file work-v4.txt (compact mmCIF, C-alpha atoms)
# COMPACT_ATOMS: atom_id res chain seq x y z
CA MET A 1 -2.70 -0.09 -8.30
CA LEU A 2 -4.00 1.48 -11.52
CA ARG A 3 -6.32 -0.75 -13.52
CA GLN A 4 -4.70 -2.40 -16.55
CA PRO A 5 -6.71 -0.89 -19.47
CA LEU A 6 -6.06 2.64 -18.25
CA ARG A 7 -2.36 1.93 -17.76
CA LEU A 8 -1.97 0.49 -21.26
CA GLY A 9 -3.89 3.44 -22.72
CA LEU A 10 -1.63 5.90 -20.96
CA LEU A 11 1.42 3.99 -22.12
CA GLY A 12 0.18 4.20 -25.68
CA LEU A 13 -0.14 7.95 -25.37
CA LEU A 14 3.36 8.13 -23.97
CA GLY A 15 4.79 5.83 -26.65
CA LEU A 16 6.04 3.40 -24.02
CA THR A 17 5.94 -0.36 -23.67
CA LEU A 18 6.03 -2.48 -20.56
CA PRO A 19 8.25 -5.52 -19.93
CA SER A 20 6.71 -8.90 -19.38
CA CYS A 21 6.70 -10.61 -16.03
CA ALA A 22 6.47 -14.04 -14.46
CA ALA A 23 6.62 -15.47 -10.99
CA VAL A 24 5.87 -18.79 -9.41
CA ALA A 25 3.54 -18.92 -6.42
CA GLN A 26 5.06 -20.47 -3.35
CA THR A 27 3.72 -21.36 0.06
CA SER A 28 6.54 -22.42 2.31
CA PRO A 29 7.49 -22.41 5.96
CA ALA A 30 9.16 -19.33 7.36
CA THR A 31 12.52 -18.82 5.69
CA THR A 32 15.16 -16.10 5.56
CA ALA A 33 14.24 -13.93 2.61
CA SER A 34 17.10 -11.44 2.63
CA ALA A 35 20.09 -10.72 4.80
CA SER A 36 22.03 -8.33 2.56
CA GLY A 37 20.05 -5.17 3.06
CA SER A 38 20.39 -4.31 -0.62
CA ASN A 39 17.47 -3.21 -2.77
CA PRO A 40 15.23 -4.88 -3.72
CA ILE A 41 15.03 -6.52 -0.31
CA ILE A 42 13.09 -9.62 -1.46
CA LYS A 43 14.68 -11.40 -4.38
CA GLN A 44 13.13 -14.87 -4.52
CA LYS A 45 9.63 -13.60 -5.33
CA TYR A 46 8.10 -10.57 -6.95
CA THR A 47 6.51 -8.28 -4.37
CA ALA A 48 4.44 -5.14 -4.89
CA ASP A 49 2.29 -2.51 -3.15
CA PRO A 50 4.05 -2.71 0.23
CA ALA A 51 2.46 -1.90 3.57
CA ALA A 52 4.16 -2.23 6.94
CA LEU A 53 3.14 -2.62 10.56
CA VAL A 54 5.37 -2.11 13.61
CA HIS A 55 4.31 -4.37 16.48
CA ASN A 56 6.21 -5.46 19.60
CA GLY A 57 9.66 -4.64 18.26
CA THR A 58 9.11 -6.28 14.88
CA VAL A 59 8.27 -4.87 11.47
CA TYR A 60 5.76 -6.87 9.47
CA LEU A 61 5.93 -6.22 5.74
CA TYR A 62 2.82 -7.06 3.71
CA ALA A 63 2.98 -7.15 -0.09
CA GLY A 64 1.06 -8.28 -3.10
CA HIS A 65 2.53 -11.13 -5.12
CA ASP A 66 3.13 -10.52 -8.83
CA GLU A 67 2.67 -13.90 -10.52
CA ALA A 68 2.09 -13.19 -14.22
CA PRO A 69 3.97 -15.59 -16.52
CA ALA A 70 6.08 -14.14 -19.33
CA PRO A 71 5.27 -12.72 -21.81
CA GLN A 72 1.90 -11.77 -20.31
CA GLN A 73 1.52 -8.03 -19.79
CA ALA A 74 -1.05 -7.90 -17.01
CA TYR A 75 -1.29 -7.91 -13.25
CA VAL A 76 -1.80 -11.48 -12.05
CA MET A 77 -2.16 -11.41 -8.26
CA HIS A 78 -4.04 -13.99 -6.19
CA GLU A 79 -2.44 -13.80 -2.73
CA TRP A 80 -0.62 -11.53 -0.34
CA LEU A 81 2.76 -12.22 1.27
CA VAL A 82 4.19 -11.35 4.67
CA PHE A 83 7.77 -10.93 5.88
CA SER A 84 9.12 -9.89 9.28
CA SER A 85 12.28 -8.22 10.53
CA LYS A 86 13.77 -6.90 13.74
CA ASP A 87 16.54 -4.87 12.06
CA MET A 88 15.10 -3.78 8.64
CA VAL A 89 17.74 -5.84 6.85
CA SER A 90 17.21 -9.55 7.65
CA TRP A 91 13.72 -10.48 6.47
CA GLN A 92 11.99 -13.74 7.31
CA GLU A 93 9.33 -15.01 4.95
CA HIS A 94 6.21 -16.59 6.42
CA PRO A 95 3.44 -18.63 4.75
CA SER A 96 0.95 -16.54 2.79
CA PRO A 97 -1.47 -15.15 5.40
CA LEU A 98 -4.30 -14.22 3.03
CA ASN A 99 -5.59 -15.28 -0.38
CA VAL A 100 -8.31 -13.53 -2.35
CA LYS A 101 -10.33 -16.76 -2.01
CA ALA A 102 -10.84 -15.86 1.67
CA PHE A 103 -13.39 -13.32 0.39
CA ALA A 104 -16.12 -15.60 -0.95
CA TRP A 105 -17.83 -12.60 -2.58
CA ALA A 106 -14.69 -11.58 -4.52
CA ARG A 107 -13.71 -12.70 -7.99
CA ASP A 108 -9.93 -12.18 -7.97
CA ASP A 109 -7.11 -9.60 -7.88
CA ALA A 110 -5.16 -9.39 -4.62
CA TRP A 111 -4.33 -5.72 -4.98
CA ALA A 112 -2.92 -3.16 -2.56
CA SER A 113 -3.69 -3.55 1.14
CA GLN A 114 -2.79 -2.51 4.68
CA VAL A 115 -2.88 -4.21 8.09
CA VAL A 116 -3.54 -2.28 11.31
CA GLU A 117 -3.81 -3.42 14.93
CA ARG A 118 -6.59 -2.54 17.36
CA ASP A 119 -7.30 -4.04 20.78
CA GLY A 120 -5.23 -7.14 20.08
CA LYS A 121 -6.86 -7.84 16.72
CA PHE A 122 -5.26 -7.31 13.32
CA TYR A 123 -7.43 -5.93 10.53
CA TRP A 124 -6.46 -6.32 6.88
CA TYR A 125 -8.01 -3.90 4.38
CA ALA A 126 -7.60 -5.18 0.84
CA ALA A 127 -8.64 -4.18 -2.68
CA VAL A 128 -10.13 -6.95 -4.83
CA GLU A 129 -12.45 -7.39 -7.81
CA HIS A 130 -16.02 -7.90 -6.65
CA GLY A 131 -17.79 -11.01 -7.87
CA SER A 132 -21.28 -9.61 -8.41
CA ILE A 133 -21.05 -5.80 -8.21
CA PRO A 134 -19.03 -4.52 -11.18
CA GLY A 135 -15.72 -2.94 -10.25
CA LYS A 136 -13.16 -3.02 -7.51
CA ALA A 137 -14.11 -3.30 -3.83
CA ILE A 138 -12.46 -3.17 -0.42
CA GLY A 139 -12.78 -6.07 2.00
CA VAL A 140 -11.70 -6.50 5.62
CA ALA A 141 -10.05 -9.61 7.04
CA VAL A 142 -9.14 -10.22 10.69
CA ALA A 143 -6.67 -12.33 12.66
CA ASP A 144 -5.42 -12.72 16.22
CA ASN A 145 -1.77 -12.15 15.26
CA PRO A 146 0.02 -10.25 12.50
CA LEU A 147 1.01 -13.44 10.65
CA GLY A 148 -2.56 -14.71 10.36
CA PRO A 149 -4.15 -16.69 8.93
CA PHE A 150 -6.69 -13.97 8.23
CA LYS A 151 -10.38 -14.58 7.59
CA ASP A 152 -13.14 -12.39 6.18
CA ALA A 153 -14.40 -10.17 9.00
CA ARG A 154 -17.70 -9.20 7.37
CA GLY A 155 -18.76 -11.76 4.79
CA SER A 156 -19.29 -8.84 2.40
CA ALA A 157 -17.37 -5.88 1.02
CA LEU A 158 -16.86 -2.76 3.11
CA ILE A 159 -16.66 -0.53 0.03
CA THR A 160 -18.14 -1.29 -3.40
CA ASN A 161 -17.95 0.65 -6.64
CA ASN A 162 -21.61 1.65 -6.58
CA MET A 163 -21.00 3.58 -3.35
CA THR A 164 -18.75 6.10 -5.16
CA THR A 165 -20.41 7.29 -8.34
CA ASP A 166 -18.81 10.66 -9.07
CA VAL A 167 -15.90 9.03 -10.88
CA LYS A 168 -17.17 6.92 -13.77
CA ILE A 169 -14.60 4.14 -13.61
CA GLY A 170 -14.65 0.71 -12.07
CA TRP A 171 -11.35 0.96 -10.22
CA ASP A 172 -11.65 4.09 -8.09
CA ASP A 173 -12.20 2.01 -4.91
CA ILE A 174 -8.69 0.63 -4.38
CA ASP A 175 -5.56 1.16 -2.26
CA PRO A 176 -7.02 1.36 1.26
CA THR A 177 -5.05 2.87 4.14
CA VAL A 178 -6.24 3.19 7.74
CA PHE A 179 -5.17 5.59 10.48
CA ILE A 180 -6.37 5.41 14.10
CA GLU A 181 -6.40 8.61 16.16
CA LYS A 182 -5.38 8.67 19.83
CA ASN A 183 -9.02 9.12 20.79
CA GLY A 184 -9.82 5.83 19.06
CA GLN A 185 -11.50 7.21 15.96
CA ALA A 186 -10.34 5.30 12.90
CA TYR A 187 -10.24 6.67 9.36
CA LEU A 188 -10.19 4.80 6.06
CA TYR A 189 -8.63 6.54 3.05
CA TRP A 190 -8.62 5.05 -0.46
CA GLY A 191 -9.08 5.83 -4.12
CA ASN A 192 -7.96 6.09 -7.72
CA SER A 193 -8.49 9.33 -9.69
CA GLN A 194 -10.40 10.58 -6.64
CA CYS A 195 -9.24 10.30 -3.03
CA TYR A 196 -11.94 9.34 -0.51
CA TYR A 197 -12.11 8.97 3.24
CA ALA A 198 -14.64 7.81 5.80
CA LYS A 199 -14.71 7.20 9.53
CA LEU A 200 -14.79 3.63 10.79
CA LYS A 201 -16.74 2.35 13.77
CA ALA A 202 -14.83 0.92 16.73
CA ASN A 203 -15.39 -2.60 15.38
CA MET A 204 -13.24 -1.60 12.36
CA THR A 205 -15.61 -3.35 9.96
CA GLU A 206 -18.30 -0.71 9.38
CA LEU A 207 -18.35 2.87 8.15
CA ASP A 208 -19.25 5.49 10.75
CA GLY A 209 -20.64 8.26 8.59
CA PRO A 210 -20.69 9.37 4.95
CA ILE A 211 -17.92 8.97 2.40
CA GLN A 212 -16.02 12.24 1.93
CA LYS A 213 -13.90 13.43 -1.01
CA VAL A 214 -10.41 14.88 -0.63
CA THR A 215 -9.16 17.47 -3.11
CA LEU A 216 -5.51 16.82 -3.96
CA PRO A 217 -3.40 17.97 -6.93
CA ASN A 218 -2.88 15.31 -9.61
CA PHE A 219 -4.08 12.45 -7.41
CA THR A 220 -3.71 9.06 -9.08
CA GLU A 221 -3.83 6.41 -6.33
CA ALA A 222 -2.00 4.86 -3.37
CA PRO A 223 -2.86 7.16 -0.43
CA TRP A 224 -0.93 6.57 2.80
CA VAL A 225 -1.61 8.51 6.01
CA HIS A 226 0.83 8.86 8.89
CA LYS A 227 1.49 11.34 11.70
CA ARG A 228 4.66 12.82 13.17
CA GLY A 229 4.46 15.33 15.97
CA ASP A 230 1.52 17.62 15.33
CA TRP A 231 1.55 17.07 11.57
CA TYR A 232 -0.52 14.64 9.53
CA TYR A 233 0.94 13.50 6.21
CA LEU A 234 -1.00 12.23 3.21
CA SER A 235 1.29 10.81 0.55
CA TYR A 236 0.05 9.41 -2.73
CA ALA A 237 0.97 8.37 -6.27
CA SER A 238 0.66 11.16 -8.82
CA GLY A 239 0.72 11.22 -12.63
CA PHE A 240 1.70 8.27 -14.81
CA PRO A 241 4.31 6.90 -14.70
CA GLU A 242 3.87 7.62 -11.03
CA LYS A 243 5.80 9.77 -8.60
CA ILE A 244 4.99 9.87 -4.87
CA VAL A 245 3.97 13.33 -3.68
CA TYR A 246 2.55 14.48 -0.36
CA ALA A 247 0.45 17.00 1.51
CA MET A 248 0.38 18.06 5.18
CA SER A 249 -2.35 19.10 7.60
CA ARG A 250 -2.93 19.84 11.27
CA SER A 251 -6.06 17.65 11.12
CA ILE A 252 -6.68 14.12 9.87
CA GLU A 253 -9.69 15.53 7.99
CA GLY A 254 -7.71 18.32 6.32
CA PRO A 255 -7.53 20.77 4.75
CA TRP A 256 -4.37 19.41 3.13
CA GLU A 257 -1.55 21.63 1.89
CA TYR A 258 0.37 20.18 -1.05
CA LYS A 259 4.14 20.00 -0.49
CA GLY A 260 5.54 18.42 -3.65
CA ILE A 261 7.46 15.36 -4.73
CA LEU A 262 8.61 12.85 -2.12
CA ASN A 263 9.81 10.03 -4.37
CA GLU A 264 10.67 10.24 -8.05
CA LEU A 265 9.85 7.63 -10.70
CA ALA A 266 10.77 4.18 -9.37
CA GLY A 267 13.11 2.40 -11.75
CA ASN A 268 11.53 0.21 -14.46
CA SER A 269 8.06 0.45 -12.91
CA ASN A 270 5.20 2.65 -14.03
CA THR A 271 3.55 2.37 -10.62
CA ASN A 272 4.86 3.70 -7.34
CA HIS A 273 3.35 2.59 -4.05
CA GLN A 274 4.63 3.52 -0.59
CA ALA A 275 4.51 2.79 3.11
CA ILE A 276 6.06 5.10 5.72
CA ILE A 277 7.00 3.92 9.21
CA ASP A 278 9.13 4.84 12.21
CA PHE A 279 11.09 1.99 13.79
CA LYS A 280 13.64 2.12 16.61
CA GLY A 281 14.20 5.84 16.24
CA LYS A 282 14.51 5.96 12.46
CA SER A 283 12.09 6.71 9.62
CA TYR A 284 11.75 4.54 6.54
CA PHE A 285 10.24 4.83 3.08
CA ILE A 286 9.11 1.49 1.67
CA TYR A 287 8.21 1.23 -2.01
CA HIS A 288 8.49 -1.01 -5.06
CA ASN A 289 10.39 -0.86 -8.32
CA GLY A 290 11.00 -3.19 -11.26
CA GLY A 291 14.60 -3.71 -10.35
CA ILE A 292 15.21 -7.46 -10.46
CA ASN A 293 17.09 -8.47 -13.60
CA THR A 294 16.28 -9.74 -16.09
CA ASP A 295 12.52 -10.03 -15.86
CA GLY A 296 11.63 -7.27 -13.41
CA GLY A 297 9.27 -4.56 -14.53
CA SER A 298 5.82 -3.09 -14.13
CA PHE A 299 4.23 -6.54 -13.83
CA ARG A 300 7.08 -8.08 -11.81
CA ARG A 301 7.81 -5.58 -9.09
CA SER A 302 10.01 -5.76 -6.01
CA VAL A 303 9.91 -4.05 -2.61
CA CYS A 304 12.72 -1.68 -1.64
CA ILE A 305 13.47 0.33 1.51
CA ASP A 306 15.37 3.59 1.91
CA ASP A 307 15.83 6.10 4.72
CA LEU A 308 13.36 8.93 5.16
CA TYR A 309 14.36 12.30 6.63
CA TYR A 310 12.40 15.34 7.82
CA ASN A 311 13.28 19.02 7.75
CA LYS A 312 13.03 21.20 10.87
CA ASP A 313 9.71 22.64 9.70
CA GLY A 314 8.18 19.15 9.47
CA THR A 315 8.36 18.79 5.69
CA MET A 316 9.88 15.61 4.33
CA LYS A 317 13.09 15.53 2.33
CA ARG A 318 12.94 13.91 -1.07
CA VAL A 319 13.76 10.21 -0.84
CA VAL A 320 17.09 9.09 -2.25
CA MET A 321 16.55 5.68 -3.83
CA THR A 322 19.60 3.47 -3.45
CA SER A 323 20.85 0.06 -4.51
CA GLU A 324 22.51 -0.41 -1.12
CA GLY A 325 19.31 -0.02 0.91
CA VAL A 326 19.32 0.69 4.62
CA LYS A 327 21.72 -0.34 7.37
CA PRO A 328 20.71 -2.69 10.19
CA VAL A 329 19.08 -0.92 13.11
CA LYS A 330 19.72 -2.12 16.63
call {"tool": "encode", "arguments": {"input": "work-v4.txt", "output": "structure tokens"}}
result
Amino acid sequence: MLRQPLRLGLLGLLGLTLPSCAAVAQTSPATTASASGSNPIIKQKYTADPAALVHNGTVYLYAGHDEAPAPQQAYVMHEWLVFSSKDMVSWQEHPSPLNVKAFAWARDDAWASQVVERDGKFYWYAAVEHGSIPGKAIGVAVADNPLGPFKDARGSALITNNMTTDVKIGWDDIDPTVFIEKNGQAYLYWGNSQCYYAKLKANMTELDGPIQKVTLPNFTEAPWVHKRGDWYYLSYASGFPEKIVYAMSRSIEGPWEYKGILNELAGNSNTNHQAIIDFKGKSYFIYHNGGINTDGGSFRRSVCIDDLYYNKDGTMKRVVMTSEGVKPVK
């Protein structure tokens, strides 16, 4: 998620304006969120910055909650949402599993996040605004099940803005993504304007070595790491308005070879944020757009899902964004 002043400045240069957005926070028992399979998949709330976890035959979809009232042109996000599905079409909404208030050291801003599982525990890496160290930070929350509730696993931030000083902005420490190798070594990737990575200790709450920089063409934000076969894939948002592009490597630590555009501009949204998963023999590209009429837009975004396909050489085919969405998988 690109920080608001920079986004507005870029829009001014481009001669563009952004629509307003509003949403009402809701904490309710588990309910059916969508059964149509059409995009966007969640229509009763505004959802952004999707991440997904496959666990025991279920997909858990985690998203930020756009709550800004019209006509406010800003990102107002205080909590994260979670939905689950066994077929990628019928989504059940569950009570909010994590609020930024769970991080006592944080000020606000429930920005992009990802949940991973290790040894029966679920670790939530989330970008927030730090309360005492200027700039964005990354915290870690933990729970015993994917629906939470999650609690702060450290009592302090894992990453703070004063740990990355090469880029002179306050929002370069956002959009965390975690990948765990078969040998148990975990890696944290994150960044805006500069992509970073670092190893994590087995406890998943401490760095295990120095912060490294990754050189990628036109990197903006939103890194996501996944593996298929012998290939590692690093996809990320590029430019502004944002496309999703990707690079490939034979090693989680690179070097990365740039492969081009994966997903074009997402309708009516200047940001583009992705999750990539395999589920029941199929591959999926999960993203957001501003596609809910009449108030959808860059500050009222909505999660969508479309099919993802690979070429024989391992490269990914460009995603075709659809209104119909995906079909149920058995």
call {"tool": "closest_residue", "arguments": {"input": "work-v4.txt", "among": "A:Asp173, A:Ser85, A:Lys168, A:Lys121", "to": "Lys136 of chain A", "atoms": "all atoms listed in the file"}}
result
A:Asp173
call {"tool": "closest_residue", "arguments": {"input": "work-v4.txt", "among": "A:Val140, A:Val59, A:Ala186, A:Ile276", "to": "Thr205 of chain A", "atoms": "all atoms listed in the file"}}
result
A:Val140
call {"tool": "residues_around", "arguments": {"input": "work-v4.txt", "residues": "Glu324 of chain A", "least_positions_apart": "3", "cutoff": "12 Å", "atoms": "only C-alpha atoms", "output": "ChimeraX atom specification"}}
result
/A:36-41,89,304-307,320-321,327-328
call {"tool": "closest_residue", "arguments": {"input": "work-v4.txt", "among": "A:Leu207, A:Arg154, A:Glu93, A:Thr322", "to": "Gln44 of chain A", "atoms": "all atoms listed in the file"}}
result
A:Glu93
call {"tool": "closest_residue", "arguments": {"input": "work-v4.txt", "among": "A:Gly267, A:Gly170, A:Gly239, A:Gly64", "to": "Gly291 of chain A", "atoms": "only C-alpha atoms"}}
result
A:Gly267
call {"tool": "atom_distance", "arguments": {"input": "work-v4.txt", "atom1": "atom CA of Val245 of chain A", "atom2": "atom CA of Tyr187 of chain A"}}
result
20.4 Å
call {"tool": "atom_distance", "arguments": {"input": "work-v4.txt", "atom1": "atom CA of Thr177 of chain A", "atom2": "atom CA of Asn289 of chain A"}}
result
20.2 Å
call {"tool": "closest_residue", "arguments": {"input": "work-v4.txt", "among": "A:Ile42, A:Met316, A:Thr47, A:Asn99", "to": "Gly260 of chain A", "atoms": "only C-alpha atoms"}}
result
A:Met316
call {"tool": "atom_distance", "arguments": {"input": "work-v4.txt", "atom1": "atom CA of Gln72 of chain A", "atom2": "atom CA of Asn272 of chain A"}}
result
20.4 Å
call {"tool": "residues_around", "arguments": {"input": "work-v4.txt", "residues": "Ala48 of chain A", "least_positions_apart": "4", "cutoff": "7 Å", "atoms": "only C-alpha atoms", "output": "list in words"}}
result
Ala63, Gly64, His65, Asp66, His288, Arg301, Ser302 and Val303 of chain A
call {"tool": "closest_residue", "arguments": {"input": "work-v4.txt", "among": "A:Ala137, A:Val82, A:Ala143, A:Leu234", "to": "Asp108 of chain A", "atoms": "only C-alpha atoms"}}
result
A:Ala137
call {"tool": "residues_around", "arguments": {"input": "work-v4.txt", "residues": "Ala222 of chain A", "least_positions_apart": "6", "cutoff": "9 Å", "atoms": "only C-alpha atoms", "output": "PDB file with C-alpha atoms, keeping the file's coordinate frame"}}
result
ATOM      1  CA  MET A   1      -2.700  -0.090  -8.300  1.00  0.00           C
ATOM      2  CA  ASP A  49       2.290  -2.510  -3.150  1.00  0.00           C
ATOM      3  CA  ALA A 112      -2.920  -3.160  -2.560  1.00  0.00           C
ATOM      4  CA  ILE A 174      -8.690   0.630  -4.380  1.00  0.00           C
ATOM      5  CA  ASP A 175      -5.560   1.160  -2.260  1.00  0.00           C
ATOM      6  CA  PRO A 176      -7.020   1.360   1.260  1.00  0.00           C
ATOM      7  CA  THR A 177      -5.050   2.870   4.140  1.00  0.00           C
ATOM      8  CA  TRP A 190      -8.620   5.050  -0.460  1.00  0.00           C
ATOM      9  CA  GLY A 191      -9.080   5.830  -4.120  1.00  0.00           C
ATOM     10  CA  ASN A 192      -7.960   6.090  -7.720  1.00  0.00           C
ATOM     11  CA  SER A 235       1.290  10.810   0.550  1.00  0.00           C
ATOM     12  CA  TYR A 236       0.050   9.410  -2.730  1.00  0.00           C
ATOM     13  CA  ALA A 237       0.970   8.370  -6.270  1.00  0.00           C
ATOM     14  CA  SER A 238       0.660  11.160  -8.820  1.00  0.00           C
ATOM     15  CA  ILE A 244       4.990   9.870  -4.870  1.00  0.00           C
ATOM     16  CA  ASN A 272       4.860   3.700  -7.340  1.00  0.00           C
ATOM     17  CA  HIS A 273       3.350   2.590  -4.050  1.00  0.00           C
ATOM     18  CA  GLN A 274       4.630   3.520  -0.590  1.00  0.00           C
TER      19      GLN A 274
END
call {"tool": "residues_around", "arguments": {"input": "work-v4.txt", "residues": "Gly120 of chain A", "least_positions_apart": "2", "cutoff": "10 Å", "atoms": "only C-alpha atoms", "output": "list of chain:residue names"}}
result
A:Glu117, A:Arg118, A:Phe122, A:Tyr123, A:Ala143, A:Asp144, A:Asn145, A:Pro146
call {"tool": "residues_around", "arguments": {"input": "work-v4.txt", "residues": "Asp172 of chain A", "least_positions_apart": "5", "cutoff": "10 Å", "atoms": "all atoms listed in the file", "output": "mmCIF file with C-alpha atoms, in the frame of the given file"}}
result
data_model
loop_
_atom_site.group_PDB
_atom_site.id
_atom_site.type_symbol
_atom_site.label_atom_id
_atom_site.label_comp_id
_atom_site.auth_asym_id
_atom_site.auth_seq_id
_atom_site.Cartn_x
_atom_site.Cartn_y
_atom_site.Cartn_z
ATOM 1 C CA MET A 1 -2.700 -0.090 -8.300
ATOM 2 C CA LEU A 2 -4.000 1.480 -11.520
ATOM 3 C CA ARG A 3 -6.320 -0.750 -13.520
ATOM 4 C CA GLY A 135 -15.720 -2.940 -10.250
ATOM 5 C CA LYS A 136 -13.160 -3.020 -7.510
ATOM 6 C CA ALA A 137 -14.110 -3.300 -3.830
ATOM 7 C CA THR A 160 -18.140 -1.290 -3.400
ATOM 8 C CA ASN A 161 -17.950 0.650 -6.640
ATOM 9 C CA THR A 164 -18.750 6.100 -5.160
ATOM 10 C CA THR A 165 -20.410 7.290 -8.340
ATOM 11 C CA ASP A 166 -18.810 10.660 -9.070
ATOM 12 C CA VAL A 167 -15.900 9.030 -10.880
ATOM 13 C CA TRP A 190 -8.620 5.050 -0.460
ATOM 14 C CA GLY A 191 -9.080 5.830 -4.120
ATOM 15 C CA ASN A 192 -7.960 6.090 -7.720
ATOM 16 C CA SER A 193 -8.490 9.330 -9.690
ATOM 17 C CA GLN A 194 -10.400 10.580 -6.640
ATOM 18 C CA CYS A 195 -9.240 10.300 -3.030
ATOM 19 C CA TYR A 196 -11.940 9.340 -0.510
ATOM 20 C CA THR A 220 -3.710 9.060 -9.080
ATOM 21 C CA GLU A 221 -3.830 6.410 -6.330
#
call {"tool": "residues_near_point", "arguments": {"input": "work-v4.txt", "point": "(-6.9, -14.2, -2.5)", "cutoff": "9 Å", "atoms": "only C-alpha atoms", "output": "MDAnalysis selection string"}}
result
chainID A and resid 77:80 98:103 106:110 128
